[in-house]
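Shown here: target_17.cif, mmCIF, C-alpha atoms.
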```
data_my_file
#
loop_
_atom_site.label_atom_id
_atom_site.label_comp_id
_atom_site.auth_asym_id
_atom_site.auth_seq_id
_atom_site.Cartn_x
_atom_site.Cartn_y
_atom_site.Cartn_z
CA MET A 1 -51.31 -47.26 8.07
CA ALA A 2 -50.23 -43.85 9.36
CA ALA A 3 -46.57 -43.35 10.20
CA VAL A 4 -45.72 -41.92 13.60
CA PHE A 5 -42.87 -39.43 13.82
CA SER A 6 -41.20 -38.21 17.01
CA LYS A 7 -40.50 -34.49 17.14
CA ILE A 8 -37.14 -35.31 18.76
CA ASP A 9 -34.34 -37.20 16.98
CA LEU A 10 -30.96 -37.40 18.71
CA HIS A 11 -28.95 -39.43 16.19
CA SER A 12 -28.41 -38.30 12.59
CA HIS A 13 -25.67 -37.92 9.99
CA SER A 14 -24.70 -35.40 7.32
CA ASN A 15 -22.12 -35.46 4.55
CA ALA A 16 -19.57 -34.25 7.07
CA SER A 17 -19.25 -38.02 7.62
CA ASP A 18 -21.27 -40.62 5.72
CA GLY A 19 -24.67 -39.00 5.34
CA ALA A 20 -26.05 -38.04 1.93
CA LEU A 21 -27.28 -34.54 2.86
CA SER A 22 -25.35 -31.44 3.80
CA PRO A 23 -25.93 -30.22 7.37
CA SER A 24 -28.22 -27.47 6.04
CA GLU A 25 -30.20 -29.94 3.94
CA LEU A 26 -30.52 -32.24 6.94
CA VAL A 27 -31.99 -29.43 9.02
CA GLU A 28 -34.44 -28.61 6.23
CA ARG A 29 -35.54 -32.24 6.06
CA ALA A 30 -36.01 -32.32 9.84
CA LEU A 31 -38.23 -29.24 9.63
CA ASN A 32 -40.27 -30.82 6.85
CA LYS A 33 -40.80 -33.90 9.06
CA GLY A 34 -42.11 -31.77 11.91
CA LEU A 35 -39.10 -32.13 14.21
CA THR A 36 -38.43 -29.52 16.89
CA HIS A 37 -35.12 -31.00 18.15
CA LEU A 38 -32.34 -32.66 16.15
CA ALA A 39 -28.87 -33.83 17.14
CA LEU A 40 -26.19 -33.96 14.45
CA THR A 41 -23.95 -36.89 15.42
CA ASP A 42 -21.51 -37.47 12.56
CA HIS A 43 -18.89 -40.19 12.86
CA ASP A 44 -15.84 -38.99 14.80
CA THR A 45 -16.23 -35.38 13.66
CA VAL A 46 -18.01 -32.15 14.56
CA LEU A 47 -17.23 -30.61 11.16
CA GLY A 48 -20.89 -30.07 10.21
CA VAL A 49 -22.25 -28.76 13.51
CA LYS A 50 -21.70 -25.03 12.86
CA GLU A 51 -23.45 -25.15 9.47
CA ALA A 52 -26.35 -27.10 10.98
CA GLN A 53 -26.68 -24.66 13.88
CA ASP A 54 -26.70 -21.69 11.53
CA ALA A 55 -29.39 -23.33 9.37
CA ALA A 56 -31.48 -24.19 12.43
CA THR A 57 -31.38 -20.79 14.14
CA GLY A 58 -34.88 -19.63 14.98
CA LYS A 59 -36.44 -22.72 13.39
CA LEU A 60 -35.28 -25.82 15.27
CA GLU A 61 -33.15 -26.72 18.29
CA LEU A 62 -29.89 -28.22 16.97
CA ILE A 63 -27.99 -30.28 19.55
CA PRO A 64 -24.25 -30.63 18.91
CA GLY A 65 -23.08 -34.22 18.97
CA ALA A 66 -20.75 -36.85 17.54
CA GLU A 67 -20.79 -40.64 17.21
CA LEU A 68 -17.47 -42.07 18.36
CA SER A 69 -16.14 -45.47 17.27
CA THR A 70 -14.69 -47.71 20.00
CA MET A 71 -13.71 -51.32 20.59
CA TRP A 72 -14.89 -53.71 23.31
CA ASN A 73 -14.04 -57.41 23.40
CA GLY A 74 -13.54 -57.50 19.63
CA TYR A 75 -16.80 -55.67 18.86
CA GLN A 76 -16.99 -52.23 17.28
CA ILE A 77 -19.22 -50.17 19.56
CA HIS A 78 -20.54 -46.68 18.86
CA ILE A 79 -20.85 -44.08 21.60
CA VAL A 80 -22.87 -40.95 20.88
CA GLY A 81 -21.87 -37.75 22.62
CA LEU A 82 -24.76 -35.29 23.10
CA PHE A 83 -24.69 -31.66 24.29
CA ILE A 84 -20.94 -31.55 23.69
CA ASP A 85 -18.72 -28.46 23.49
CA THR A 86 -17.40 -28.73 19.94
CA LYS A 87 -14.43 -26.52 20.82
CA SER A 88 -13.34 -28.63 23.79
CA GLU A 89 -9.60 -29.35 23.62
CA VAL A 90 -10.14 -32.79 25.15
CA LEU A 91 -12.68 -33.72 22.49
CA LEU A 92 -10.77 -32.19 19.58
CA LYS A 93 -7.61 -34.06 20.53
CA TYR A 94 -9.58 -37.32 20.54
CA LEU A 95 -11.14 -36.53 17.16
CA GLU A 96 -7.74 -35.76 15.61
CA GLY A 97 -6.58 -39.25 16.56
CA GLN A 98 -9.76 -40.76 15.12
CA LYS A 99 -9.26 -38.85 11.86
CA VAL A 100 -5.90 -40.56 11.37
CA PHE A 101 -7.43 -44.00 12.02
CA ARG A 102 -10.30 -43.29 9.64
CA GLU A 103 -8.08 -42.06 6.83
CA GLU A 104 -5.86 -45.14 7.02
CA ARG A 105 -8.91 -47.39 7.06
CA ALA A 106 -10.63 -45.57 4.20
CA ARG A 107 -7.62 -45.93 1.92
CA ALA A 108 -7.27 -49.61 2.81
CA ILE A 109 -10.95 -50.28 2.03
CA GLY A 110 -10.59 -48.35 -1.23
CA ALA A 111 -7.63 -50.52 -2.24
CA LYS A 112 -9.63 -53.69 -1.54
CA LEU A 113 -12.56 -52.40 -3.57
CA GLU A 114 -10.25 -51.66 -6.47
CA ARG A 115 -9.27 -55.33 -6.47
CA GLN A 116 -13.01 -56.08 -6.78
CA GLY A 117 -13.29 -53.92 -9.89
CA PHE A 118 -14.16 -50.50 -8.43
CA ALA A 119 -11.71 -48.14 -10.14
CA ASN A 120 -10.40 -45.25 -7.99
CA ALA A 121 -12.90 -46.09 -5.24
CA TYR A 122 -11.31 -43.88 -2.57
CA GLU A 123 -10.96 -40.90 -4.90
CA GLU A 124 -14.53 -41.25 -6.17
CA CYS A 125 -15.93 -41.31 -2.62
CA ARG A 126 -13.75 -38.36 -1.67
CA LYS A 127 -15.27 -36.34 -4.56
CA ARG A 128 -18.76 -37.04 -3.25
CA ALA A 129 -18.04 -36.11 0.37
CA ALA A 130 -17.90 -32.70 2.01
CA ASP A 131 -14.50 -31.01 2.27
CA GLY A 132 -12.56 -32.50 5.16
CA ALA A 133 -15.07 -35.29 5.80
CA SER A 134 -13.81 -38.70 6.84
CA ILE A 135 -14.65 -41.46 4.36
CA THR A 136 -16.47 -44.32 6.09
CA ARG A 137 -17.98 -47.64 5.09
CA GLY A 138 -21.26 -45.78 4.65
CA ASN A 139 -19.71 -43.64 1.91
CA TYR A 140 -18.43 -46.74 0.17
CA ALA A 141 -21.77 -48.52 0.52
CA ARG A 142 -23.59 -45.71 -1.31
CA TYR A 143 -20.87 -45.70 -3.99
CA ILE A 144 -21.27 -49.46 -4.50
CA VAL A 145 -25.01 -48.94 -4.98
CA GLU A 146 -24.36 -46.06 -7.37
CA MET A 147 -22.11 -48.34 -9.42
CA GLY A 148 -24.93 -50.87 -9.72
CA ARG A 149 -23.18 -53.57 -7.71
CA ALA A 150 -25.79 -53.67 -4.91
CA GLN A 151 -29.48 -52.87 -4.58
CA ASP A 152 -29.07 -50.83 -1.40
CA SER A 153 -26.54 -49.98 1.32
CA ASN A 154 -27.47 -53.02 3.42
CA GLU A 155 -26.67 -55.31 0.51
CA ALA A 156 -23.39 -53.47 -0.10
CA PHE A 157 -22.41 -54.00 3.53
CA ASN A 158 -23.48 -57.62 3.53
CA TYR A 159 -21.61 -58.48 0.35
CA TYR A 160 -18.48 -56.30 0.58
CA LEU A 161 -18.04 -54.32 3.79
CA LYS A 162 -19.10 -56.36 6.83
CA LYS A 163 -16.66 -58.23 9.00
CA GLY A 164 -15.54 -61.35 7.17
CA LYS A 165 -16.30 -59.94 3.69
CA SER A 166 -13.77 -59.18 0.95
CA CYS A 167 -13.40 -55.43 1.57
CA TYR A 168 -13.64 -55.32 5.36
CA VAL A 169 -10.71 -53.68 7.12
CA LYS A 170 -10.23 -54.19 10.84
CA THR A 171 -9.41 -51.05 12.79
CA MET A 172 -8.41 -51.02 16.44
CA TRP A 173 -10.51 -48.14 17.68
CA PRO A 174 -9.92 -46.77 21.20
CA ASP A 175 -11.49 -48.38 24.25
CA ILE A 176 -14.96 -47.24 25.31
CA SER A 177 -13.43 -45.54 28.35
CA VAL A 178 -11.37 -43.20 26.14
CA ALA A 179 -14.44 -42.08 24.19
CA CYS A 180 -16.47 -41.57 27.36
CA ASN A 181 -13.69 -39.48 28.88
CA ALA A 182 -13.58 -37.27 25.76
CA ILE A 183 -17.36 -36.77 25.76
CA ILE A 184 -17.64 -36.11 29.49
CA GLY A 185 -14.54 -33.89 29.33
CA SER A 186 -16.34 -31.77 26.76
CA GLY A 187 -19.32 -31.34 29.07
CA GLY A 188 -21.47 -33.85 27.19
CA ILE A 189 -23.50 -36.97 27.89
CA ALA A 190 -22.16 -40.37 26.74
CA VAL A 191 -24.91 -42.49 25.11
CA LEU A 192 -24.63 -46.12 24.01
CA ALA A 193 -25.82 -46.09 20.40
CA HIS A 194 -28.33 -48.60 18.90
CA PRO A 195 -27.50 -51.42 21.37
CA ARG A 196 -29.73 -53.98 19.68
CA ARG A 197 -27.81 -53.68 16.41
CA TYR A 198 -24.64 -55.30 17.77
CA GLU A 199 -24.53 -58.97 16.86
CA MET A 200 -24.09 -60.35 20.36
CA THR A 201 -26.02 -62.43 22.86
CA ASN A 202 -28.12 -60.83 25.58
CA THR A 203 -25.52 -61.93 28.12
CA LYS A 204 -22.78 -60.12 26.18
CA LEU A 205 -25.01 -57.07 25.78
CA ARG A 206 -25.49 -56.87 29.53
CA GLU A 207 -21.72 -57.18 30.02
CA LEU A 208 -21.24 -54.35 27.54
CA MET A 209 -23.70 -52.14 29.38
CA SER A 210 -22.06 -52.86 32.71
CA TYR A 211 -18.65 -51.90 31.31
CA PHE A 212 -20.09 -48.80 29.63
CA LYS A 213 -21.57 -47.78 32.98
CA ASP A 214 -18.21 -48.31 34.69
CA CYS A 215 -16.58 -46.07 32.06
CA GLY A 216 -18.91 -43.20 32.91
CA GLY A 217 -21.65 -43.95 30.37
CA GLN A 218 -24.82 -42.11 31.31
CA ALA A 219 -27.48 -43.02 28.75
CA MET A 220 -28.52 -45.50 26.06
CA GLU A 221 -30.65 -45.36 22.94
CA VAL A 222 -33.91 -47.09 23.79
CA GLY A 223 -35.90 -45.83 20.82
CA CYS A 224 -34.25 -46.77 17.49
CA SER A 225 -35.39 -47.20 13.91
CA GLN A 226 -36.61 -50.61 12.74
CA MET A 227 -36.99 -51.88 16.31
CA SER A 228 -39.61 -54.45 17.25
CA LEU A 229 -41.86 -53.91 20.26
CA ASN A 230 -40.14 -56.83 22.04
CA ASP A 231 -36.73 -55.23 21.49
CA LEU A 232 -38.00 -51.85 22.65
CA ASN A 233 -39.34 -53.40 25.84
CA TYR A 234 -36.08 -55.25 26.45
CA MET A 235 -34.03 -52.07 25.90
CA ALA A 236 -36.30 -50.28 28.38
CA THR A 237 -35.72 -53.09 30.90
CA LEU A 238 -31.94 -52.74 30.53
CA CYS A 239 -32.21 -48.96 30.79
CA ARG A 240 -33.89 -49.36 34.15
CA LYS A 241 -31.49 -52.09 35.29
CA TYR A 242 -28.39 -49.97 34.69
CA ASP A 243 -30.03 -46.69 35.71
CA PHE A 244 -29.34 -45.04 32.36
CA MET A 245 -31.12 -42.07 30.90
CA ALA A 246 -33.05 -42.98 27.75
CA SER A 247 -32.32 -41.50 24.34
CA LEU A 248 -33.83 -42.05 20.91
CA GLY A 249 -32.56 -41.64 17.38
CA SER A 250 -33.15 -42.73 13.81
CA ASP A 251 -29.45 -42.94 12.80
CA PHE A 252 -30.59 -41.24 9.59
CA HIS A 253 -28.07 -41.22 6.72
CA ASN A 254 -30.10 -40.86 3.54
CA GLU A 255 -33.61 -41.05 2.17
CA GLY A 256 -35.12 -44.51 2.47
CA PRO A 257 -38.24 -46.30 3.66
CA PHE A 258 -37.04 -47.56 7.04
CA ARG A 259 -34.68 -45.08 8.67
CA GLU A 260 -36.26 -41.66 8.31
CA LEU A 261 -35.77 -38.72 10.66
CA GLY A 262 -38.05 -39.20 13.67
CA LEU A 263 -39.75 -42.27 12.21
CA GLY A 264 -41.19 -44.73 14.72
CA LEU A 265 -39.21 -43.41 17.68
CA GLY A 266 -40.57 -43.67 21.20
CA ILE A 267 -39.56 -44.16 24.83
CA PRO A 268 -41.68 -45.58 27.71
CA ASP A 269 -43.00 -42.78 29.90
CA ASP A 270 -41.42 -44.04 33.12
CA LEU A 271 -37.82 -43.75 31.88
CA LYS A 272 -35.74 -40.66 32.61
CA LYS A 273 -35.13 -38.96 29.27
CA VAL A 274 -31.65 -37.78 28.31
CA TRP A 275 -33.05 -34.31 27.62
CA GLU A 276 -33.98 -34.04 31.30
CA CYS A 277 -30.29 -33.70 32.23
CA PRO A 278 -28.86 -30.28 33.19
CA GLN A 279 -26.87 -30.04 29.94
CA ALA A 280 -30.12 -30.01 27.95
CA GLU A 281 -31.80 -27.11 29.76
CA ARG A 282 -30.80 -24.49 27.17
CA TYR A 283 -32.46 -26.43 24.33
CA ASN A 284 -36.10 -25.98 25.41
CA PHE A 285 -37.15 -29.61 25.26
CA PRO A 286 -40.88 -30.26 25.69
CA ALA A 287 -42.45 -33.50 26.82
CA LEU A 288 -41.99 -36.12 24.07
CA LYS A 289 -44.52 -35.55 21.32
CA THR A 290 -45.16 -37.22 17.99
CA VAL A 291 -46.72 -36.11 14.75
CA THR A 292 -48.70 -38.50 12.57
CA GLU A 293 -48.26 -38.48 8.81
CA ALA A 294 -50.72 -40.30 6.58
#
```
Starting from the file, lay out its structure as structure tokens.
Amino acid sequence: MAAVFSKIDLHSHSNASDGALSPSELVERALNKGLTHLALTDHDTVLGVKEAQDAATGKLELIPGAELSTMWNGYQIHIVGLFIDTKSEVLLKYLEGQKVFREERARAIGAKLERQGFANAYEECRKRAADGASITRGNYARYIVEMGRAQDSNEAFNYYLKKGKSCYVKTMWPDISVACNAIIGSGGIAVLAHPRRYEMTNTKLRELMSYFKDCGGQAMEVGCSQMSLNDLNYMATLCRKYDFMASLGSDFHNEGPFRELGLGLGIPDDLKKVWECPQAERYNFPALKTVTEA
């Protein structure tokens, strides 16, 4: 069966956080997949945006972004900022605080992994990351796989890194409102990331969306990797209900069969797309198009 790729992907990661590719390599991969628009949305950092923009110049529209970690009712919720000003003082102040949280958490996870037999886990992950990058659970998951202790990153999370597992470390991230204020203060659009991936009931999910809306949230990811048609339709229904703009993104981290740049992403035609907002005008977005790869 042919695989369908969107030419627009507004959620991806480089080794400036927990992705496997450098920002330049990520741009090259996007070009090879036929993308025309890519957002770099590393976790709580904009460290890789300049390199990605330089690599994309004249070849691809690179949208500056970041994926911010927040807390809501005991759940860790990710908010993507798109079309942000990476030099905004409001945003940079927020990211400095997040860097401290992430460093403390990374060292604590590393210490727990050492007790599970992973020698110098933090230092080994630091060697593999870009200079200045925050070490996340994603970095550790790939290291666990590399050490032969899991088949893939999902298994590493499920056995070691998820909530309730031996190497999980709870971090009290800021409230959603704080992240939204930082994104909006930088001139960006606040997008609720991969809403179906949170392990909560539909009632809780609607409560989350209502609160996100109250905090200034403007959009949600409707098109996500590995999403069933039923889930896509339900996300579209919620997008209409809360009058959000619709975004789409693969959440690409590294090469794999299920979460490739642009793979399987789509949005119902009747929804207002996030790239139809005024902030997106400079990026020359076309109508959503896909390319089919045999």
(request) Pull out every residue that the PyMOL selection byres ((chain A and resi 177-188) around 12) matches in the shown coordinates and put them as a PyMOL selection string. (result) chain A and resi 44+63-72+77-98+173-176+189-192+208+211-219+274-275+277-280
(message) Restricting the calculation to only C-alpha atoms: of A:Ser228, A:Asn233, A:Ser247, A:Ser134, which residue gets closest to A:Lys273?
(response) A:Ser247
Give the centre and edge lengths of an axis-aligned box, in Å to one decimal, that holds all listed atoms of stretch 215-218 of chain A with 3 Å on each side, as lines of an AutoDock Vina configuration file.
```
center_x = -20.7
center_y = -44.1
center_z = 31.6
size_x = 14.2
size_y = 10.0
size_z = 8.5
```
(request) Fewer than 3 positions away in the same chain doesn't count, so skip those; otherwise give me all residues within 7 Å of stretch 138-152 of chain A, counting only C-alpha atoms, as a ChimeraX atom specification. (result) /A:18,125,135,155-157
(request) Between atom CA of A:Glu61 and atom CA of A:Leu38, measure the distance and give it in Å to one decimal. (result) 6.4 Å
(request) Starting from the shown file, work through the PyMOL selection byres ((chain A and resi 54) around 12) and note down what comes out as an MDAnalysis selection string. (result) chainID A and resid 23:25 27:28 48:53 55:64
(message) Just want the 10 Å neighbourhood of A:Tyr234, counted on only C-alpha atoms, with same-chain residues fewer than 4 positions away dropped. Output as a ChimeraX atom specification.
(response) /A:196,202,222,228-230,238-240
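Taking atom CA of A:His43 as the reference point, atom CA of A:Thr237 is found at 27.8 Å.
Between atom CA of A:Leu248 and atom CA of A:Met172 the interatomic distance comes to 27.3 Å.
You can rank A:Met200, A:Asn158, A:Leu21, A:Asn32 by their closest distance to A:Ala130 using all atoms listed in the file, and at the top of that list sits A:Leu21.
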(message) Just want the 12 Å neighbourhood of A:Asp131, counted on only C-alpha atoms, with same-chain residues fewer than 6 positions away dropped. Output as number ranges by chain.
(response) A: 15-17, 22, 47-48, 125
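What the PyMOL selection byres ((chain A and resi 34) around 9) grabs from this file is A:Phe5, A:Ser6, A:Lys7, A:Arg29, A:Ala30, A:Leu31, A:Asn32, A:Lys33, A:Leu35, A:Thr36, A:Gly262, A:Thr290, A:Val291.
Candidate residues A:His11, A:His37, A:Lys99, A:Lys112 were compared for distance to A:Ser166, and the nearest is A:Lys112, using all atoms listed in the file.
The protein and nucleic acid residues lying at most 10 Å from A:Ala236 are Met220, Glu221, Val222, Gly223, Asn230, Phe244, Ala246, Ile267, Pro268, Asp270 and Leu271 of chain A, with all atoms listed in the file considered and sequence neighbours fewer than 6 positions away removed.
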(request) Extract, using all atoms listed in the file, all DNA, RNA and protein residues at most 10 Å from A:Ser210, discarding same-chain residues fewer than 6 positions from it, and format them as a list in words. (result) Lys204, Gly217, Lys241 and Tyr242 of chain A
Could you model all heavy atoms for stretch 161-172 of chain A and present them as a PDB file, in the frame of the given file?
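The resulting file, out.pdb, is reproduced below:
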```
ATOM      1  N   LEU A 161     -18.632 -55.179   2.758  1.00  0.00           N
ATOM      2  CA  LEU A 161     -18.040 -54.320   3.790  1.00  0.00           C
ATOM      3  C   LEU A 161     -18.133 -54.844   5.216  1.00  0.00           C
ATOM      4  O   LEU A 161     -17.441 -54.341   6.102  1.00  0.00           O
ATOM      5  CB  LEU A 161     -18.695 -52.933   3.730  1.00  0.00           C
ATOM      6  CG  LEU A 161     -18.524 -52.192   2.396  1.00  0.00           C
ATOM      7  CD1 LEU A 161     -19.424 -50.977   2.345  1.00  0.00           C
ATOM      8  CD2 LEU A 161     -17.067 -51.790   2.187  1.00  0.00           C
ATOM      9  N   LYS A 162     -18.977 -55.826   5.465  1.00  0.00           N
ATOM     10  CA  LYS A 162     -19.100 -56.360   6.830  1.00  0.00           C
ATOM     11  C   LYS A 162     -17.879 -57.186   7.208  1.00  0.00           C
ATOM     12  O   LYS A 162     -17.131 -57.662   6.352  1.00  0.00           O
ATOM     13  CB  LYS A 162     -20.360 -57.224   6.944  1.00  0.00           C
ATOM     14  CG  LYS A 162     -21.648 -56.443   7.117  1.00  0.00           C
ATOM     15  CD  LYS A 162     -22.839 -57.360   7.237  1.00  0.00           C
ATOM     16  CE  LYS A 162     -22.817 -58.165   8.521  1.00  0.00           C
ATOM     17  NZ  LYS A 162     -24.073 -58.926   8.712  1.00  0.00           N
ATOM     18  N   LYS A 163     -17.735 -57.375   8.492  1.00  0.00           N
ATOM     19  CA  LYS A 163     -16.660 -58.230   9.000  1.00  0.00           C
ATOM     20  C   LYS A 163     -16.737 -59.603   8.348  1.00  0.00           C
ATOM     21  O   LYS A 163     -17.799 -60.219   8.269  1.00  0.00           O
ATOM     22  CB  LYS A 163     -16.796 -58.364  10.520  1.00  0.00           C
ATOM     23  CG  LYS A 163     -15.641 -59.101  11.180  1.00  0.00           C
ATOM     24  CD  LYS A 163     -15.811 -59.092  12.694  1.00  0.00           C
ATOM     25  CE  LYS A 163     -14.643 -59.796  13.377  1.00  0.00           C
ATOM     26  NZ  LYS A 163     -14.787 -59.753  14.861  1.00  0.00           N
ATOM     27  N   GLY A 164     -15.608 -60.059   7.829  1.00  0.00           N
ATOM     28  CA  GLY A 164     -15.540 -61.350   7.170  1.00  0.00           C
ATOM     29  C   GLY A 164     -15.724 -61.279   5.663  1.00  0.00           C
ATOM     30  O   GLY A 164     -15.507 -62.279   4.968  1.00  0.00           O
ATOM     31  N   LYS A 165     -16.103 -60.095   5.124  1.00  0.00           N
ATOM     32  CA  LYS A 165     -16.300 -59.940   3.690  1.00  0.00           C
ATOM     33  C   LYS A 165     -15.027 -59.400   3.028  1.00  0.00           C
ATOM     34  O   LYS A 165     -14.101 -58.940   3.689  1.00  0.00           O
ATOM     35  CB  LYS A 165     -17.497 -59.026   3.410  1.00  0.00           C
ATOM     36  CG  LYS A 165     -18.802 -59.549   4.000  1.00  0.00           C
ATOM     37  CD  LYS A 165     -19.127 -60.957   3.493  1.00  0.00           C
ATOM     38  CE  LYS A 165     -20.403 -61.506   4.093  1.00  0.00           C
ATOM     39  NZ  LYS A 165     -20.729 -62.868   3.621  1.00  0.00           N
ATOM     40  N   SER A 166     -15.011 -59.400   1.706  1.00  0.00           N
ATOM     41  CA  SER A 166     -13.770 -59.180   0.950  1.00  0.00           C
ATOM     42  C   SER A 166     -13.144 -57.807   1.170  1.00  0.00           C
ATOM     43  O   SER A 166     -11.921 -57.666   1.082  1.00  0.00           O
ATOM     44  CB  SER A 166     -14.036 -59.362  -0.553  1.00  0.00           C
ATOM     45  OG  SER A 166     -15.009 -58.435  -1.013  1.00  0.00           O
ATOM     46  N   CYS A 167     -13.944 -56.793   1.467  1.00  0.00           N
ATOM     47  CA  CYS A 167     -13.400 -55.430   1.570  1.00  0.00           C
ATOM     48  C   CYS A 167     -13.439 -54.875   3.000  1.00  0.00           C
ATOM     49  O   CYS A 167     -13.274 -53.666   3.214  1.00  0.00           O
ATOM     50  CB  CYS A 167     -14.148 -54.504   0.622  1.00  0.00           C
ATOM     51  SG  CYS A 167     -14.017 -55.010  -1.109  1.00  0.00           S
ATOM     52  N   TYR A 168     -13.659 -55.756   3.952  1.00  0.00           N
ATOM     53  CA  TYR A 168     -13.640 -55.320   5.360  1.00  0.00           C
ATOM     54  C   TYR A 168     -12.203 -55.066   5.802  1.00  0.00           C
ATOM     55  O   TYR A 168     -11.290 -55.818   5.464  1.00  0.00           O
ATOM     56  CB  TYR A 168     -14.272 -56.386   6.256  1.00  0.00           C
ATOM     57  CG  TYR A 168     -14.218 -56.035   7.732  1.00  0.00           C
ATOM     58  CD1 TYR A 168     -15.099 -55.121   8.282  1.00  0.00           C
ATOM     59  CD2 TYR A 168     -13.271 -56.620   8.568  1.00  0.00           C
ATOM     60  CE1 TYR A 168     -15.057 -54.794   9.631  1.00  0.00           C
ATOM     61  CE2 TYR A 168     -13.216 -56.297   9.921  1.00  0.00           C
ATOM     62  CZ  TYR A 168     -14.114 -55.390  10.445  1.00  0.00           C
ATOM     63  OH  TYR A 168     -14.055 -55.063  11.768  1.00  0.00           O
ATOM     64  N   VAL A 169     -12.021 -54.002   6.550  1.00  0.00           N
ATOM     65  CA  VAL A 169     -10.710 -53.680   7.120  1.00  0.00           C
ATOM     66  C   VAL A 169     -10.869 -53.487   8.620  1.00  0.00           C
ATOM     67  O   VAL A 169     -11.642 -52.637   9.063  1.00  0.00           O
ATOM     68  CB  VAL A 169     -10.105 -52.406   6.491  1.00  0.00           C
ATOM     69  CG1 VAL A 169      -8.827 -51.990   7.225  1.00  0.00           C
ATOM     70  CG2 VAL A 169      -9.811 -52.628   5.012  1.00  0.00           C
ATOM     71  N   LYS A 170     -10.160 -54.278   9.379  1.00  0.00           N
ATOM     72  CA  LYS A 170     -10.230 -54.190  10.840  1.00  0.00           C
ATOM     73  C   LYS A 170      -9.462 -52.957  11.311  1.00  0.00           C
ATOM     74  O   LYS A 170      -8.355 -52.679  10.853  1.00  0.00           O
ATOM     75  CB  LYS A 170      -9.632 -55.444  11.471  1.00  0.00           C
ATOM     76  CG  LYS A 170      -9.721 -55.472  12.994  1.00  0.00           C
ATOM     77  CD  LYS A 170      -9.146 -56.768  13.533  1.00  0.00           C
ATOM     78  CE  LYS A 170      -9.248 -56.839  15.052  1.00  0.00           C
ATOM     79  NZ  LYS A 170      -8.690 -58.091  15.597  1.00  0.00           N
ATOM     80  N   THR A 171     -10.061 -52.210  12.194  1.00  0.00           N
ATOM     81  CA  THR A 171      -9.410 -51.050  12.790  1.00  0.00           C
ATOM     82  C   THR A 171      -9.508 -51.158  14.303  1.00  0.00           C
ATOM     83  O   THR A 171     -10.580 -51.432  14.834  1.00  0.00           O
ATOM     84  CB  THR A 171     -10.070 -49.743  12.328  1.00  0.00           C
ATOM     85  OG1 THR A 171     -10.008 -49.670  10.899  1.00  0.00           O
ATOM     86  CG2 THR A 171      -9.348 -48.533  12.902  1.00  0.00           C
ATOM     87  N   MET A 172      -8.411 -50.952  14.984  1.00  0.00           N
ATOM     88  CA  MET A 172      -8.410 -51.020  16.440  1.00  0.00           C
ATOM     89  C   MET A 172      -8.759 -49.642  17.008  1.00  0.00           C
ATOM     90  O   MET A 172      -7.899 -48.816  17.284  1.00  0.00           O
ATOM     91  CB  MET A 172      -7.048 -51.495  16.955  1.00  0.00           C
ATOM     92  CG  MET A 172      -6.764 -52.948  16.644  1.00  0.00           C
ATOM     93  SD  MET A 172      -8.076 -54.093  17.169  1.00  0.00           S
ATOM     94  CE  MET A 172      -8.010 -53.858  18.953  1.00  0.00           C
TER      95      MET A 172
END
```
